[in-house]
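The structure appears below as structure tokens.
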Amino acid sequence: LFARENLPQKTLIALFAGVRLKTGTMAAENRPKSDYRIRLNADLDLDIPHDCLATSVYRATLAHKANHSFVPNATFDLMEHPRFGLIRALSSLTDITQEEEILVNYNLGLSKGPDWYKLLWLRHVRSTKNWSDTSVERYLERSYD
């Protein structure tokens, strides 16, 4: 997802609606994993079904196309939409220039995050915070996400 124009800080960028899925049920426990599911609130998740991932099929909302970064320029907020009801919306954390990629922190947590997420986190703390192996180990020992 890329900015089509310059976006000042605190600008609404894109919406995330999709299908509403109840959480905390037996059906939710057995639901297949989805790379596009996002928490809406304590009771509901939003998801983009697998057959709707292409923009040629579904483009009513596009925030699900934002990639992850530990140094994001956007964040997911809650929004009450007149058509979709309560949904998530991407808003800019900083000024974003035209054609700049929109990046958001997925906040997956290290204990449940996929391998690619853990690897990116490790690269991030080593390059931006100059953490040593000892610092990483100390953090992981104290982390209870």
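Chain labels follow the order of the structure tokens: the first chain is A, the next B, and so on; residue numbering restarts at 1 in every chain, and ligands are counted from 1 in their shown order.
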Find the nearest atom pair between each residue of segment 94-128 of chain A and segment 70-85 of chain A for residues within 8 Å, count only C-alpha atoms, give distances in Å to one decimal, sort rows by chain and ascending number, and present the table as a tab-separated table.
residue	atom	partner	partner_atom	distance
A:Thr94	CA	A:Asn73	CA	5.6
A:Asp95	CA	A:Asn73	CA	7.9
A:Ile96	CA	A:Asn73	CA	7.2
A:Ile102	CA	A:Asn73	CA	6.4
A:Leu103	CA	A:Pro72	CA	4.9
A:Val104	CA	A:Pro72	CA	4.7
A:Asn105	CA	A:Phe70	CA	5.5
A:Trp121	CA	A:Phe70	CA	7.2
A:His124	CA	A:Phe70	CA	7.0
Please write the residues from the selection above to a file, keeping C-alpha atoms, as a compact mmCIF listing (two decimals), in the first residue's frame.
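Listing of out_26.txt after writing:
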# COMPACT_ATOMS: atom_id res chain seq x y z
CA THR A 94 3.95 11.00 10.66
CA ASP A 95 3.87 13.04 7.47
CA ILE A 96 3.95 10.57 4.56
CA ILE A 102 2.33 2.75 4.25
CA LEU A 103 3.76 0.63 7.10
CA VAL A 104 2.08 -0.45 10.32
CA ASN A 105 3.30 -2.42 13.35
CA TRP A 121 12.22 -8.08 15.42
CA HIS A 124 15.31 -4.37 14.39
List the spatial neighbours of segment 42-56 of chain A as a compact mmCIF listing (two decimals) with N, CA, C and O atoms, in the first residue's frame - criterion: any atom at most 6 Å away, only C-alpha atoms, same-chain residues fewer than 4 positions off excluded.
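Output below, filename around_5.txt:
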# COMPACT_ATOMS: atom_id res chain seq x y z
N GLY A 18 -13.98 -6.01 5.97
CA GLY A 18 -13.94 -7.46 5.84
C GLY A 18 -15.07 -8.16 6.56
O GLY A 18 -16.12 -7.58 6.83
N VAL A 19 -14.85 -9.42 6.90
CA VAL A 19 -15.85 -10.27 7.54
C VAL A 19 -15.66 -10.22 9.05
O VAL A 19 -14.54 -10.28 9.54
N ARG A 20 -16.77 -10.14 9.79
CA ARG A 20 -16.73 -10.14 11.26
C ARG A 20 -16.74 -11.57 11.77
O ARG A 20 -17.57 -12.37 11.35
N LEU A 21 -15.81 -11.87 12.68
CA LEU A 21 -15.71 -13.21 13.26
C LEU A 21 -15.73 -13.10 14.77
O LEU A 21 -14.96 -12.33 15.35
N LYS A 22 -16.60 -13.88 15.41
CA LYS A 22 -16.64 -13.88 16.87
C LYS A 22 -15.40 -14.55 17.42
O LYS A 22 -14.90 -15.52 16.87
N THR A 23 -14.90 -14.01 18.53
CA THR A 23 -13.74 -14.60 19.20
C THR A 23 -14.21 -15.27 20.48
O THR A 23 -15.34 -15.08 20.91
N TYR A 36 -4.63 -12.15 7.44
CA TYR A 36 -5.30 -10.85 7.35
C TYR A 36 -6.27 -10.58 8.49
O TYR A 36 -6.95 -9.57 8.49
N ARG A 37 -6.34 -11.46 9.47
CA ARG A 37 -7.25 -11.25 10.60
C ARG A 37 -6.67 -10.21 11.55
O ARG A 37 -5.49 -10.19 11.84
N ILE A 38 -7.55 -9.33 12.02
CA ILE A 38 -7.15 -8.27 12.94
C ILE A 38 -8.21 -8.16 14.04
O ILE A 38 -9.39 -8.34 13.79
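For the pair atom CA of Arg126 of chain A and atom CA of Tyr139 of chain A, the interatomic distance is 12.5 Å.
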From the DSSP assignment of the backbone, select every residue of segment 35-74 of chain A that is strand (DSSP E or B), and format the answer as a compact mmCIF listing (two decimals) with all heavy atoms, in the first residue's frame.
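Saved file part26.txt follows:
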# COMPACT_ATOMS: atom_id res chain seq x y z
N ILE A 38 -7.55 -9.33 12.02
CA ILE A 38 -7.15 -8.27 12.94
C ILE A 38 -8.21 -8.16 14.04
O ILE A 38 -9.39 -8.34 13.79
CB ILE A 38 -6.96 -6.93 12.18
CG1 ILE A 38 -6.39 -5.85 13.09
CG2 ILE A 38 -8.25 -6.47 11.53
CD1 ILE A 38 -6.00 -4.58 12.35
N ARG A 39 -7.77 -7.86 15.24
CA ARG A 39 -8.68 -7.72 16.38
C ARG A 39 -9.45 -6.42 16.24
O ARG A 39 -8.89 -5.36 16.06
CB ARG A 39 -7.87 -7.73 17.68
CG ARG A 39 -8.64 -7.55 18.97
CD ARG A 39 -9.68 -8.60 19.27
NE ARG A 39 -9.29 -9.96 19.07
CZ ARG A 39 -9.04 -10.84 20.04
NH1 ARG A 39 -9.13 -10.50 21.29
NH2 ARG A 39 -8.70 -12.07 19.75
N LEU A 44 -14.85 -9.45 18.75
CA LEU A 44 -14.85 -9.62 17.29
C LEU A 44 -13.48 -9.38 16.67
O LEU A 44 -12.72 -8.51 17.10
CB LEU A 44 -15.82 -8.62 16.65
CG LEU A 44 -17.30 -8.81 16.92
CD1 LEU A 44 -18.08 -7.61 16.39
CD2 LEU A 44 -17.80 -10.10 16.31
N ASP A 45 -13.21 -10.17 15.63
CA ASP A 45 -12.08 -9.95 14.74
C ASP A 45 -12.64 -9.56 13.38
O ASP A 45 -13.79 -9.86 13.06
CB ASP A 45 -11.26 -11.23 14.57
CG ASP A 45 -10.42 -11.59 15.78
OD1 ASP A 45 -10.28 -10.74 16.68
OD2 ASP A 45 -9.92 -12.73 15.81
N LEU A 46 -11.82 -8.91 12.58
CA LEU A 46 -12.13 -8.66 11.18
C LEU A 46 -11.16 -9.48 10.35
O LEU A 46 -9.99 -9.60 10.69
CB LEU A 46 -11.96 -7.17 10.84
CG LEU A 46 -12.88 -6.20 11.57
CD1 LEU A 46 -12.47 -4.76 11.27
CD2 LEU A 46 -14.32 -6.44 11.18
N ASP A 47 -11.65 -10.03 9.24
CA ASP A 47 -10.78 -10.84 8.39
C ASP A 47 -11.15 -10.61 6.93
O ASP A 47 -12.31 -10.32 6.60
CB ASP A 47 -10.92 -12.32 8.74
CG ASP A 47 -9.81 -13.18 8.16
OD1 ASP A 47 -8.81 -12.63 7.66
OD2 ASP A 47 -9.94 -14.42 8.20
N ASN A 67 1.88 -3.26 4.84
CA ASN A 67 2.91 -4.17 5.32
C ASN A 67 3.36 -3.78 6.73
O ASN A 67 3.11 -2.68 7.20
CB ASN A 67 4.10 -4.20 4.37
CG ASN A 67 3.82 -5.01 3.13
OD1 ASN A 67 3.14 -6.03 3.19
ND2 ASN A 67 4.31 -4.55 2.00
N HIS A 68 4.07 -4.71 7.36
CA HIS A 68 4.56 -4.54 8.73
C HIS A 68 5.90 -3.82 8.77
O HIS A 68 6.76 -4.00 7.91
CB HIS A 68 4.72 -5.90 9.41
CG HIS A 68 5.49 -5.82 10.69
ND1 HIS A 68 4.94 -5.36 11.85
CD2 HIS A 68 6.79 -6.08 10.96
CE1 HIS A 68 5.86 -5.36 12.79
NE2 HIS A 68 7.00 -5.81 12.27
N ALA A 74 2.20 4.51 10.15
CA ALA A 74 0.74 4.50 10.29
C ALA A 74 0.36 3.57 11.44
O ALA A 74 1.15 2.74 11.89
CB ALA A 74 0.09 4.04 9.00
